[in-house]
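What follows is one structure encoded as structure tokens, with my remarks underneath.
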Amino acid sequence: MSFDPRVQEAFARLPDYLGSHVLVSVTALLLGLAISLPLAVLATHCRYLRNAALGFASIVQTIPGLALLALFYPLLLAISALTEKLFGTGFSALGFLPSVLALALYSMLPVLRNTVTGILGIDPAVKEATLGVGMTRRQALTMVELPLALPIIMAGIRTAAVWVIGTATLATPVGQTSLGNYIFTGLQTQNWVFVVFGCVASAVLALAVDQLLALMESGVSARKRGRILLGGAGIAAIVIAALMPVFARPAATYIIGAKTFTEQYILESLIEQRLRAAGLSARHRDGLGSTVIFDALKSGEIDVYVEYSGTLWANEMKRSDTKSRAEVLAAVKAWLAEKYNVRLLGELGFENAYALAMSRKRAEELGIKSIADLARVAPRLVIAGDYEFFARPVWQSLVQAYGLSFRERKNIQPEFMYPAARDGEIDVISAFTSEGKIKQFDLVVLDDPKQAIPPYDAIVLLSPQRASDEKLIAALMPLLGAIPPALMREANARADGQGGASSPDKIAGWLWEKISARK
Amino acid sequence: MAGTNAIEIRAVTKRYSERVNVLDGISLNVAEGEFLAIVGPSGSGKTTLLRLINRLTEPTSGAILVSGREVRASDPIRLRREIGYVFQGVGLFPHMTVAENIAITPRLIGWSAEERAARVDALLQLVRLDAKKYRARFPSELSGGERQRVGVARALAAKPKIVLMDEPFGALDALTRAALTRDYRELHDELGLTTVMITHDLTEAALLAGRIAVIHRGHIVEQGTPRELLASPKDEYVRQLVETPKTQAARLATLLRGEP
């Protein structure tokens, strides 16, 4: 009897993911404590500060974790740009820093509230006695108030630790590797083993830390030094064990970025494998949003990733007209070089354009072949798009060209959109032409007779400082023009088709075999 | 008596809000070695008066002198370390042992560990608690009377000359209370302390103190030896105040003689 290969692969990634997860959680928690504890102590003396601090922390708590993490990215980017201007050095607005700051904020409420409650709840006679015996304020705080409030403060720290460890899984989309990488990658590639593995791993970590802190807490209340030391040693052991691989890991020279869908994971793995084969050290940064990833490349936080010409054309260059593939490519290339010193190394050979898709059956029932046909019956239909679709210029362009207007518009996670379309719960969905799922779920892509959708050639972009990196370019050259649409679609279908049985790494290996065989 | 006053209170007024004077131009002297009881009903301002002496409260106007020095000119922390303070709530630190509680003020002023340990044993003996048995106990393991004995020991730890007591034995049962007051009075004489004690119980005051000051609505309405006050009260409120213990005493005397 052997394990599912996905489980083995999940375990293989554990040192990296767990280490990063622990590093970001511990840093955030320590930073949170460093802010909340002194603030709470000050707040016990001043009602206004207390209300303000607790109010602020409560508001932070109501912001969804993912949104809070995402908010820090543009904020830090702006600050980084400012320091760049003022002091000549910027910093990375992606990954570790925004995650730590957001999680630290998240940890504040339980610590603040419990510390304030603990100190204010001390028997007034004991407080009177601190004055009567001649303690200074500081002595009263350190010798009496904090020790007495400690069990309650510890309970707050426990809550904060569990929150931070749980929420750290959401740091993946802002570029911080965490146990959330299992969940986000798994969700994208329908690898449910990964999703479950990620959830279980973060839950086990949170529970373990919670129990060790509980041991310390009981040691504090019962004045048993042994328990405090045992709990502390347990936590230290977890942190050290988890961080070992993080620090033992060689500093990666090349960082490859990927957006949040299957094709990107495969291409990221493919590039990583090619760089390693060329003797270069490489690391990836998964699951970046499409604006975040371009910003990250411009600022050199990632070195290389695969973009689509139409995305830049419409979103970055703000062009609403549609030109031929070659014209768009040339315009994008020139614009990137001139404006950002970003190099468009070349195209991979396939397009991944936006498309509108319907279930074959429904399309035949309604007699729809093209978007022009669709426009006639659209007011009776429901359309669903991914989180970006309706905000993109391509949607505006479609609406203008065909006069589209639907009964209802929904945003759904792509993985759930396809089955919903197949099952007739949704009539029309946004899709991508290179996707394997179109075939898998028996959907049809509607024609675009008015060419409202711009071409979306897959292109390799290099960051300004890597623009003329010979080694990198040499390693990437074999990929240019080497992936025809059918091959990419099959690769995507392999990732999605078998319930995600094949990981992006394996498929990237398969893809490279096919590419080599074609030459 | 001039020059030997441990505490002088000169025309002190204390106002918490605009309208009400908690203390209204009070003057009071406490001689060195004297045991003064301040008696008054709840809300009469007696606790406020006591807390002015170790600067737990500041007066609105007037002056307070401790050992001839204006307290306003002294560092309040040092002042409190030099004055013993015992109050009804006791306020033992629950996370510290009996020994740690007693040794707290000596620790704050930098006594060595050996000096503190010796002092703890001596004080436990002084308040009639077995040092070996009680040193390492926590306050939660003590009875009410034991706690208050530890409270007294803590107040005396740094060898103060002045002890302030705010209804120190009010929450104790009659027997424990009687034993403690008797023991404290002995300590007061033995150590040559100056004690100011607040109580609302005139009998307790009369049995313990050398002098009683009766405070009512922010004024000292009458003061004198217990005998003077009991025998010939001049103020109407004091007359009412002494009435109850006197009738009780008379009634008890009748009962003791075996009459119905």
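Lettering and numbering for the structure tokens are positional, with chains as A, B, ... in the shown order, residues counted from 1 in each chain, and ligands counted from 1 in the shown order.
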What lies within 9 Å of region 98-111 of chain B using only C-alpha atoms, ignoring chain neighbours under 6 positions off, as a short mmCIF file (atom, residue, chain, number, x, y, z; two decimals) with N, CA and C atoms, in the first residue's frame?
data_model
loop_
_atom_site.label_atom_id
_atom_site.label_comp_id
_atom_site.auth_asym_id
_atom_site.auth_seq_id
_atom_site.Cartn_x
_atom_site.Cartn_y
_atom_site.Cartn_z
N VAL A 133 2.50 51.00 50.72
CA VAL A 133 3.84 50.52 51.07
C VAL A 133 4.93 51.36 50.41
N GLY A 134 4.53 52.32 49.58
CA GLY A 134 5.51 53.24 49.01
C GLY A 134 6.10 52.79 47.69
N MET A 135 5.28 52.12 46.85
CA MET A 135 5.78 51.75 45.52
C MET A 135 5.63 52.93 44.57
N GLN A 139 7.03 50.47 39.89
CA GLN A 139 7.14 49.31 40.77
C GLN A 139 5.79 48.63 40.95
N ARG B 78 8.87 58.51 49.31
CA ARG B 78 9.70 58.35 50.52
C ARG B 78 8.87 58.49 51.78
N ARG B 81 7.03 55.38 52.53
CA ARG B 81 7.90 54.31 53.00
C ARG B 81 8.27 54.51 54.47
N LEU B 92 -3.10 42.56 51.01
CA LEU B 92 -1.89 41.75 50.86
C LEU B 92 -1.76 41.39 49.38
N ALA B 117 15.06 38.86 55.85
CA ALA B 117 14.62 37.58 56.43
C ALA B 117 14.56 37.69 57.96
N ARG B 119 14.18 40.39 59.68
CA ARG B 119 13.10 41.31 60.02
C ARG B 119 11.75 40.62 59.94
N VAL B 120 11.55 39.79 58.93
CA VAL B 120 10.29 39.06 58.76
C VAL B 120 10.04 38.17 59.97
N ASP B 121 11.06 37.42 60.40
CA ASP B 121 10.90 36.52 61.54
C ASP B 121 10.57 37.31 62.81
N LEU B 123 9.16 40.24 63.03
CA LEU B 123 7.83 40.84 62.95
C LEU B 123 6.73 39.81 63.12
N LEU B 124 6.93 38.61 62.54
CA LEU B 124 5.92 37.56 62.70
C LEU B 124 5.76 37.23 64.18
N ALA B 131 6.65 31.99 62.90
CA ALA B 131 7.40 32.32 61.68
C ALA B 131 7.56 31.11 60.77
N TYR B 134 4.27 30.24 59.00
CA TYR B 134 3.57 31.20 58.15
C TYR B 134 4.41 31.83 57.04
N ARG B 135 5.72 31.87 57.23
CA ARG B 135 6.59 32.55 56.27
C ARG B 135 6.25 32.30 54.81
N ALA B 136 6.12 30.99 54.46
CA ALA B 136 6.00 30.63 53.04
C ALA B 136 4.55 30.51 52.57
N ARG B 137 3.61 30.87 53.46
CA ARG B 137 2.21 30.75 53.04
C ARG B 137 1.81 31.91 52.14
N PHE B 138 0.75 31.66 51.35
CA PHE B 138 0.20 32.73 50.54
C PHE B 138 -1.03 33.30 51.25
N PRO B 139 -1.37 34.57 50.98
CA PRO B 139 -2.50 35.21 51.66
C PRO B 139 -3.78 34.39 51.59
N ARG B 147 -4.50 37.44 58.32
CA ARG B 147 -4.19 38.39 57.25
C ARG B 147 -3.94 39.79 57.82
N VAL B 150 -0.64 40.01 59.46
CA VAL B 150 0.42 40.17 58.46
C VAL B 150 0.42 41.61 57.93
N GLY B 151 -0.79 42.17 57.77
CA GLY B 151 -0.90 43.56 57.32
C GLY B 151 -0.21 44.51 58.29
N VAL B 152 -0.39 44.27 59.59
CA VAL B 152 0.26 45.11 60.59
C VAL B 152 1.78 44.92 60.53
N ALA B 153 2.20 43.65 60.39
CA ALA B 153 3.64 43.38 60.29
C ALA B 153 4.24 44.09 59.10
N ARG B 154 3.52 44.09 57.96
CA ARG B 154 4.02 44.75 56.77
C ARG B 154 4.17 46.26 57.00
N ALA B 155 3.17 46.83 57.71
CA ALA B 155 3.23 48.27 57.95
C ALA B 155 4.42 48.64 58.84
N LEU B 156 4.81 47.71 59.70
CA LEU B 156 5.89 48.00 60.64
C LEU B 156 7.28 47.62 60.12
N ALA B 157 7.32 46.99 58.94
CA ALA B 157 8.55 46.34 58.47
C ALA B 157 9.74 47.30 58.38
N ALA B 158 9.51 48.49 57.84
CA ALA B 158 10.64 49.39 57.64
C ALA B 158 10.87 50.30 58.85
#
Counting only C-alpha atoms, collect the residues of chain A whose closest atom lies at most 9 Å from chain B, and write them out as a short mmCIF file (atom, residue, chain, number, x, y, z; two decimals) with N, CA and C atoms, in the first residue's frame.
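Listed below is the output, iface_23.cif:
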data_model
loop_
_atom_site.label_atom_id
_atom_site.label_comp_id
_atom_site.auth_asym_id
_atom_site.auth_seq_id
_atom_site.Cartn_x
_atom_site.Cartn_y
_atom_site.Cartn_z
N ASP A 123 -7.97 43.81 42.50
CA ASP A 123 -8.63 44.23 43.74
C ASP A 123 -8.16 45.64 44.15
N PRO A 124 -9.10 46.58 44.30
CA PRO A 124 -8.72 47.96 44.67
C PRO A 124 -7.88 48.00 45.95
N ALA A 125 -8.14 47.08 46.89
CA ALA A 125 -7.36 47.06 48.13
C ALA A 125 -5.89 46.78 47.84
N VAL A 126 -5.64 45.90 46.86
CA VAL A 126 -4.25 45.60 46.49
C VAL A 126 -3.60 46.83 45.86
N LYS A 127 -4.36 47.56 45.04
CA LYS A 127 -3.83 48.77 44.44
C LYS A 127 -3.51 49.82 45.50
N GLU A 128 -4.43 49.96 46.47
CA GLU A 128 -4.22 50.89 47.57
C GLU A 128 -2.94 50.51 48.32
N ALA A 129 -2.76 49.18 48.49
CA ALA A 129 -1.59 48.72 49.23
C ALA A 129 -0.28 49.05 48.50
N THR A 130 -0.30 49.00 47.16
CA THR A 130 0.93 49.33 46.42
C THR A 130 1.35 50.76 46.73
N LEU A 131 0.35 51.65 46.89
CA LEU A 131 0.66 53.04 47.25
C LEU A 131 1.09 53.11 48.70
N GLY A 132 0.34 52.42 49.56
CA GLY A 132 0.59 52.50 50.99
C GLY A 132 1.99 52.05 51.38
N VAL A 133 2.50 51.00 50.72
CA VAL A 133 3.84 50.52 51.07
C VAL A 133 4.93 51.36 50.41
N GLY A 134 4.53 52.32 49.58
CA GLY A 134 5.51 53.24 49.01
C GLY A 134 6.10 52.79 47.69
N MET A 135 5.28 52.12 46.85
CA MET A 135 5.78 51.75 45.52
C MET A 135 5.63 52.93 44.57
N THR A 136 6.57 53.06 43.64
CA THR A 136 6.40 54.02 42.57
C THR A 136 5.42 53.38 41.58
N GLN A 139 7.03 50.47 39.89
CA GLN A 139 7.14 49.31 40.77
C GLN A 139 5.79 48.63 40.95
N VAL A 144 3.48 44.14 40.98
CA VAL A 144 2.15 43.69 41.42
C VAL A 144 1.15 43.56 40.26
N PRO A 147 2.24 40.97 37.27
CA PRO A 147 2.20 39.57 37.72
C PRO A 147 0.78 39.09 38.02
N LEU A 148 -0.05 39.96 38.60
CA LEU A 148 -1.41 39.52 38.92
C LEU A 148 -2.27 39.38 37.67
N ARG A 223 1.69 29.18 39.77
CA ARG A 223 3.07 29.46 40.19
C ARG A 223 3.94 28.21 40.12
#
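With distances restricted to only C-alpha atoms, B:Gly40 is the closest residue to Tyr237 (chain B) from B:Gly170, B:Gly40, B:Pro160, B:Gly258.
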>> Please list as a PyMOL selection string every residue within 12 Å of region 9-19 of chain B, counting only C-alpha atoms and excluding residues in the same chain fewer than 2 positions away.
In response: chain B and resi 5-7+21-31+45-53+57-71+218-220
> So which residues touch Lys318 (chain A) within 12 Å, counting only C-alpha atoms, skipping near sequence neighbours fewer than 3 positions away, as a VMD selection string?
Replying inline: chain A and resid 310 to 315 321 to 322 332 335 392 to 394 396 to 397
Mind dumping the selected residues with N, CA and C atoms as a PDB file, in the first residue's frame?
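Output file result23.pdb is given in full below:
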ATOM      1  N   GLY A 310      -2.533  41.045 -23.920  1.00  0.00           N
ATOM      2  CA  GLY A 310      -3.777  41.812 -23.834  1.00  0.00           C
ATOM      3  C   GLY A 310      -3.996  42.429 -22.457  1.00  0.00           C
ATOM      4  N   THR A 311      -3.484  41.757 -21.421  1.00  0.00           N
ATOM      5  CA  THR A 311      -3.646  42.279 -20.064  1.00  0.00           C
ATOM      6  C   THR A 311      -2.923  43.606 -19.925  1.00  0.00           C
ATOM      7  N   LEU A 312      -1.691  43.646 -20.421  1.00  0.00           N
ATOM      8  CA  LEU A 312      -0.921  44.888 -20.345  1.00  0.00           C
ATOM      9  C   LEU A 312      -1.540  45.946 -21.248  1.00  0.00           C
ATOM     10  N   TRP A 313      -1.927  45.516 -22.421  1.00  0.00           N
ATOM     11  CA  TRP A 313      -2.523  46.415 -23.421  1.00  0.00           C
ATOM     12  C   TRP A 313      -3.729  47.138 -22.845  1.00  0.00           C
ATOM     13  N   ALA A 314      -4.594  46.378 -22.230  1.00  0.00           N
ATOM     14  CA  ALA A 314      -5.841  46.963 -21.745  1.00  0.00           C
ATOM     15  C   ALA A 314      -5.682  47.586 -20.354  1.00  0.00           C
ATOM     16  N   ASN A 315      -5.043  46.881 -19.434  1.00  0.00           N
ATOM     17  CA  ASN A 315      -5.020  47.347 -18.033  1.00  0.00           C
ATOM     18  C   ASN A 315      -3.942  48.385 -17.774  1.00  0.00           C
ATOM     19  N   ASP A 321      -8.946  49.974 -27.857  1.00  0.00           N
ATOM     20  CA  ASP A 321      -9.109  49.489 -29.230  1.00  0.00           C
ATOM     21  C   ASP A 321      -8.491  48.099 -29.361  1.00  0.00           C
ATOM     22  N   THR A 322      -8.815  47.405 -30.400  1.00  0.00           N
ATOM     23  CA  THR A 322      -8.274  46.065 -30.582  1.00  0.00           C
ATOM     24  C   THR A 322      -7.480  46.006 -31.877  1.00  0.00           C
ATOM     25  N   VAL A 332       3.236  46.610 -27.029  1.00  0.00           N
ATOM     26  CA  VAL A 332       3.477  46.300 -25.619  1.00  0.00           C
ATOM     27  C   VAL A 332       4.973  46.258 -25.341  1.00  0.00           C
ATOM     28  N   TRP A 335       6.460  49.714 -25.297  1.00  0.00           N
ATOM     29  CA  TRP A 335       5.964  50.476 -24.138  1.00  0.00           C
ATOM     30  C   TRP A 335       6.640  50.029 -22.841  1.00  0.00           C
ATOM     31  N   ARG A 392     -12.387  44.575 -15.667  1.00  0.00           N
ATOM     32  CA  ARG A 392     -11.375  44.694 -16.719  1.00  0.00           C
ATOM     33  C   ARG A 392     -11.922  45.431 -17.948  1.00  0.00           C
ATOM     34  N   PRO A 393     -11.032  46.112 -18.674  1.00  0.00           N
ATOM     35  CA  PRO A 393     -11.463  46.823 -19.876  1.00  0.00           C
ATOM     36  C   PRO A 393     -12.090  45.886 -20.917  1.00  0.00           C
ATOM     37  N   VAL A 394     -11.660  44.605 -20.911  1.00  0.00           N
ATOM     38  CA  VAL A 394     -12.196  43.686 -21.913  1.00  0.00           C
ATOM     39  C   VAL A 394     -13.715  43.570 -21.770  1.00  0.00           C
ATOM     40  N   GLN A 396     -15.742  45.985 -20.642  1.00  0.00           N
ATOM     41  CA  GLN A 396     -16.280  47.228 -21.195  1.00  0.00           C
ATOM     42  C   GLN A 396     -16.334  47.139 -22.713  1.00  0.00           C
ATOM     43  N   SER A 397     -15.255  46.607 -23.245  1.00  0.00           N
ATOM     44  CA  SER A 397     -15.146  46.521 -24.690  1.00  0.00           C
ATOM     45  C   SER A 397     -16.234  45.595 -25.256  1.00  0.00           C
TER      46      SER A 397
END
>> Just want the 10 Å neighbourhood of region 221-225 of chain B, counted on only C-alpha atoms, with same-chain residues fewer than 5 positions away dropped. Output as a list in words.
In response: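 These residues fall inside the cut-off: Leu28, Leu36, Ala37, Ile38, Val39, Gly40, Ala206, Ala209, Gly210, Arg211, Ile212, Ala213, Val214, Ile215, His216, Leu230, Ala231, Pro233, Lys234, Asp235, Glu236, Tyr237 and Val238 of chain B.
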Restrict the selected residues to C-alpha atoms and save them as a PDB file, in the first residue's frame.
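Output (selection.pdb):
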ATOM      1  CA  LEU B  28      -5.207  68.801  64.634  1.00  0.00           C
ATOM      2  CA  LEU B  36      -5.001  59.145  68.630  1.00  0.00           C
ATOM      3  CA  ALA B  37      -8.336  57.728  67.534  1.00  0.00           C
ATOM      4  CA  ILE B  38     -10.430  59.654  65.043  1.00  0.00           C
ATOM      5  CA  VAL B  39     -14.091  58.728  65.379  1.00  0.00           C
ATOM      6  CA  GLY B  40     -16.870  59.678  63.051  1.00  0.00           C
ATOM      7  CA  ALA B 206     -12.084  54.475  74.103  1.00  0.00           C
ATOM      8  CA  ALA B 209      -6.505  55.431  72.395  1.00  0.00           C
ATOM      9  CA  GLY B 210      -5.005  58.040  74.664  1.00  0.00           C
ATOM     10  CA  ARG B 211      -7.018  60.733  72.956  1.00  0.00           C
ATOM     11  CA  ILE B 212     -10.112  60.765  70.761  1.00  0.00           C
ATOM     12  CA  ALA B 213     -11.044  63.329  68.115  1.00  0.00           C
ATOM     13  CA  VAL B 214     -14.658  63.201  66.903  1.00  0.00           C
ATOM     14  CA  ILE B 215     -15.150  64.346  63.330  1.00  0.00           C
ATOM     15  CA  HIS B 216     -18.558  65.195  61.928  1.00  0.00           C
ATOM     16  CA  LEU B 230     -17.550  59.794  77.938  1.00  0.00           C
ATOM     17  CA  ALA B 231     -18.066  61.700  81.167  1.00  0.00           C
ATOM     18  CA  PRO B 233     -19.572  65.442  76.154  1.00  0.00           C
ATOM     19  CA  LYS B 234     -20.210  69.043  75.135  1.00  0.00           C
ATOM     20  CA  ASP B 235     -21.269  68.608  71.521  1.00  0.00           C
ATOM     21  CA  GLU B 236     -24.763  67.308  70.736  1.00  0.00           C
ATOM     22  CA  TYR B 237     -23.514  64.738  68.210  1.00  0.00           C
ATOM     23  CA  VAL B 238     -20.885  63.456  70.650  1.00  0.00           C
TER      24      VAL B 238
END
Within 12 Å of region 23-35 of chain A, which residues of region 156-268 of chain A show up? Give each one with its shortest atom-to-atom distance in Å (one decimal) and the two atoms involved, counting only C-alpha atoms, rows by chain then rising residue number, as JSON lines.
{"residue": "A:Gly156", "atom": "CA", "partner": "A:Leu33", "partner_atom": "CA", "distance": 10.3}
{"residue": "A:Ile157", "atom": "CA", "partner": "A:Leu33", "partner_atom": "CA", "distance": 8.1}
{"residue": "A:Arg158", "atom": "CA", "partner": "A:Leu29", "partner_atom": "CA", "distance": 10.3}
{"residue": "A:Thr159", "atom": "CA", "partner": "A:Leu29", "partner_atom": "CA", "distance": 10.9}
{"residue": "A:Ala160", "atom": "CA", "partner": "A:Leu29", "partner_atom": "CA", "distance": 7.5}
{"residue": "A:Ala161", "atom": "CA", "partner": "A:Leu29", "partner_atom": "CA", "distance": 6.7}
{"residue": "A:Val162", "atom": "CA", "partner": "A:Ser25", "partner_atom": "CA", "distance": 9.7}
{"residue": "A:Trp163", "atom": "CA", "partner": "A:Ser25", "partner_atom": "CA", "distance": 9.6}
{"residue": "A:Val164", "atom": "CA", "partner": "A:Ser25", "partner_atom": "CA", "distance": 6.0}
{"residue": "A:Ile165", "atom": "CA", "partner": "A:Ser25", "partner_atom": "CA", "distance": 5.8}
{"residue": "A:Gly166", "atom": "CA", "partner": "A:Ser25", "partner_atom": "CA", "distance": 9.1}
{"residue": "A:Thr167", "atom": "CA", "partner": "A:Ser25", "partner_atom": "CA", "distance": 9.0}
{"residue": "A:Ala168", "atom": "CA", "partner": "A:Ser25", "partner_atom": "CA", "distance": 6.5}
{"residue": "A:Thr169", "atom": "CA", "partner": "A:Ser25", "partner_atom": "CA", "distance": 9.7}
{"residue": "A:Leu170", "atom": "CA", "partner": "A:Ser25", "partner_atom": "CA", "distance": 11.5}
{"residue": "A:Ala171", "atom": "CA", "partner": "A:Val24", "partner_atom": "CA", "distance": 9.0}
{"residue": "A:Thr172", "atom": "CA", "partner": "A:Val24", "partner_atom": "CA", "distance": 11.2}
{"residue": "A:Gly175", "atom": "CA", "partner": "A:Val24", "partner_atom": "CA", "distance": 11.9}
{"residue": "A:Gln176", "atom": "CA", "partner": "A:Val24", "partner_atom": "CA", "distance": 8.3}
{"residue": "A:Thr177", "atom": "CA", "partner": "A:Val24", "partner_atom": "CA", "distance": 9.0}
{"residue": "A:Ser178", "atom": "CA", "partner": "A:Val24", "partner_atom": "CA", "distance": 8.1}
{"residue": "A:Leu179", "atom": "CA", "partner": "A:Val24", "partner_atom": "CA", "distance": 10.9}
{"residue": "A:Ser202", "atom": "CA", "partner": "A:Ser25", "partner_atom": "CA", "distance": 11.1}
{"residue": "A:Leu205", "atom": "CA", "partner": "A:Ser25", "partner_atom": "CA", "distance": 10.8}
{"residue": "A:Ala206", "atom": "CA", "partner": "A:Ser25", "partner_atom": "CA", "distance": 10.3}
{"residue": "A:Val209", "atom": "CA", "partner": "A:Val26", "partner_atom": "CA", "distance": 10.8}
{"residue": "A:Ile235", "atom": "CA", "partner": "A:Val26", "partner_atom": "CA", "distance": 10.3}
{"residue": "A:Ala236", "atom": "CA", "partner": "A:Val26", "partner_atom": "CA", "distance": 10.5}
{"residue": "A:Ile238", "atom": "CA", "partner": "A:Val26", "partner_atom": "CA", "distance": 10.8}
{"residue": "A:Val239", "atom": "CA", "partner": "A:Leu23", "partner_atom": "CA", "distance": 7.7}
{"residue": "A:Ile240", "atom": "CA", "partner": "A:Leu23", "partner_atom": "CA", "distance": 9.6}
{"residue": "A:Ala241", "atom": "CA", "partner": "A:Leu23", "partner_atom": "CA", "distance": 11.0}
{"residue": "A:Ala242", "atom": "CA", "partner": "A:Leu23", "partner_atom": "CA", "distance": 8.0}
{"residue": "A:Leu243", "atom": "CA", "partner": "A:Leu23", "partner_atom": "CA", "distance": 6.6}
{"residue": "A:Met244", "atom": "CA", "partner": "A:Leu23", "partner_atom": "CA", "distance": 10.3}
{"residue": "A:Pro245", "atom": "CA", "partner": "A:Leu23", "partner_atom": "CA", "distance": 10.9}
{"residue": "A:Val246", "atom": "CA", "partner": "A:Leu23", "partner_atom": "CA", "distance": 8.4}
{"residue": "A:Phe247", "atom": "CA", "partner": "A:Leu23", "partner_atom": "CA", "distance": 10.3}
> Taking the backbone alone, and naming residues the way the document does, which bits of region 162-325 of chain A are strand (DSSP E or B) by DSSP, as a PyMOL selection string?
Replying inline: chain A and resi 254-257+282-285+304-308
> Nearest to Gly367 (chain A): which of A:Phe294, A:Ile255, A:Val116, A:Leu446 is it, counting only C-alpha atoms?
Replying inline: A:Leu446
> Do you know which residues are at most 8 Å from region 348-357 of chain A counting only C-alpha atoms, after dropping those on the same chain fewer than 2 positions away, and could you put them as a PyMOL selection string?
Replying inline: chain A and resi 308+310+346+359+371+394+428-435+438+443-446+453-460+479-485+488
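Across the model, the gap from CA of Ala495 (chain A) to CA of Ile266 (chain A) is 8.5 Å.
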> Residues at most 8 Å from Glu217 (chain A), counting only C-alpha atoms, excluding those fewer than 4 positions away in the same chain, as an MDAnalysis selection string?
Replying inline: chainID A and resid 151 154:155 213 221 228
> To one decimal place, how far is CA of Gly55 (chain A) from CA of Leu94 (chain A) in Å?
Replying inline: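 Calculated distance between CA of Gly55 (chain A) and CA of Leu94 (chain A) is 28.2 Å.
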In region 159-256 of chain B, what's helix (DSSP H, G or I) per DSSP? Answer as a JSON list (two decimals) with C-alpha atoms, in the first residue's frame?
[["chain", "number", "residue", "atom", "x", "y", "z"],
["B", 174, "ALA", "CA", -15.35, 40.23, 67.94],
["B", 175, "LEU", "CA", -12.88, 37.82, 69.54],
["B", 176, "THR", "CA", -10.18, 38.18, 66.89],
["B", 177, "ARG", "CA", -10.69, 41.90, 66.93],
["B", 178, "ALA", "CA", -10.28, 42.15, 70.67],
["B", 179, "ALA", "CA", -7.09, 40.10, 70.57],
["B", 180, "LEU", "CA", -5.64, 42.13, 67.73],
["B", 181, "THR", "CA", -6.41, 45.52, 69.21],
["B", 182, "ARG", "CA", -4.89, 44.47, 72.52],
["B", 183, "ASP", "CA", -1.78, 43.13, 70.76],
["B", 184, "TYR", "CA", -1.43, 46.24, 68.66],
["B", 185, "ARG", "CA", -1.69, 48.55, 71.66],
["B", 186, "GLU", "CA", 1.21, 46.61, 73.23],
["B", 187, "LEU", "CA", 3.25, 47.04, 70.06],
["B", 188, "HIS", "CA", 2.50, 50.74, 70.02],
["B", 189, "ASP", "CA", 3.91, 51.14, 73.55],
["B", 190, "GLU", "CA", 6.81, 48.74, 73.07],
["B", 191, "LEU", "CA", 8.03, 50.32, 69.85],
["B", 202, "LEU", "CA", -16.38, 54.65, 69.98],
["B", 203, "THR", "CA", -15.94, 51.71, 72.38],
["B", 204, "GLU", "CA", -12.90, 50.49, 70.45],
["B", 205, "ALA", "CA", -11.49, 54.00, 70.41],
["B", 206, "ALA", "CA", -12.08, 54.47, 74.10],
["B", 207, "LEU", "CA", -10.39, 51.21, 75.04],
["B", 208, "LEU", "CA", -7.32, 51.79, 72.84],
["B", 226, "PRO", "CA", -11.76, 58.90, 76.47],
["B", 227, "ARG", "CA", -12.73, 59.71, 80.02],
["B", 228, "GLU", "CA", -13.44, 63.37, 79.27],
["B", 229, "LEU", "CA", -15.53, 62.52, 76.26],
["B", 230, "LEU", "CA", -17.55, 59.79, 77.94],
["B", 231, "ALA", "CA", -18.07, 61.70, 81.17],
["B", 236, "GLU", "CA", -24.76, 67.31, 70.74],
["B", 237, "TYR", "CA", -23.51, 64.74, 68.21],
["B", 238, "VAL", "CA", -20.89, 63.46, 70.65],
["B", 239, "ARG", "CA", -23.53, 63.18, 73.35],
["B", 240, "GLN", "CA", -25.56, 60.90, 71.06],
["B", 241, "LEU", "CA", -22.42, 59.01, 70.16],
["B", 242, "VAL", "CA", -21.45, 58.18, 73.74],
["B", 243, "GLU", "CA", -25.00, 57.33, 74.71],
["B", 244, "THR", "CA", -25.08, 53.87, 73.12],
["B", 245, "PRO", "CA", -21.90, 52.40, 74.67],
["B", 246, "LYS", "CA", -22.82, 53.89, 78.03],
["B", 247, "THR", "CA", -26.29, 52.34, 78.04],
["B", 248, "GLN", "CA", -24.82, 49.06, 76.86],
["B", 249, "ALA", "CA", -22.22, 49.11, 79.61],
["B", 250, "ALA", "CA", -24.87, 49.87, 82.21],
["B", 251, "ARG", "CA", -27.08, 47.09, 80.88],
["B", 252, "LEU", "CA", -24.19, 44.64, 80.95],
["B", 253, "ALA", "CA", -23.33, 45.64, 84.52],
["B", 254, "THR", "CA", -26.93, 44.98, 85.55],
["B", 255, "LEU", "CA", -26.84, 41.58, 83.86],
["B", 256, "LEU", "CA", -23.58, 40.71, 85.59]]
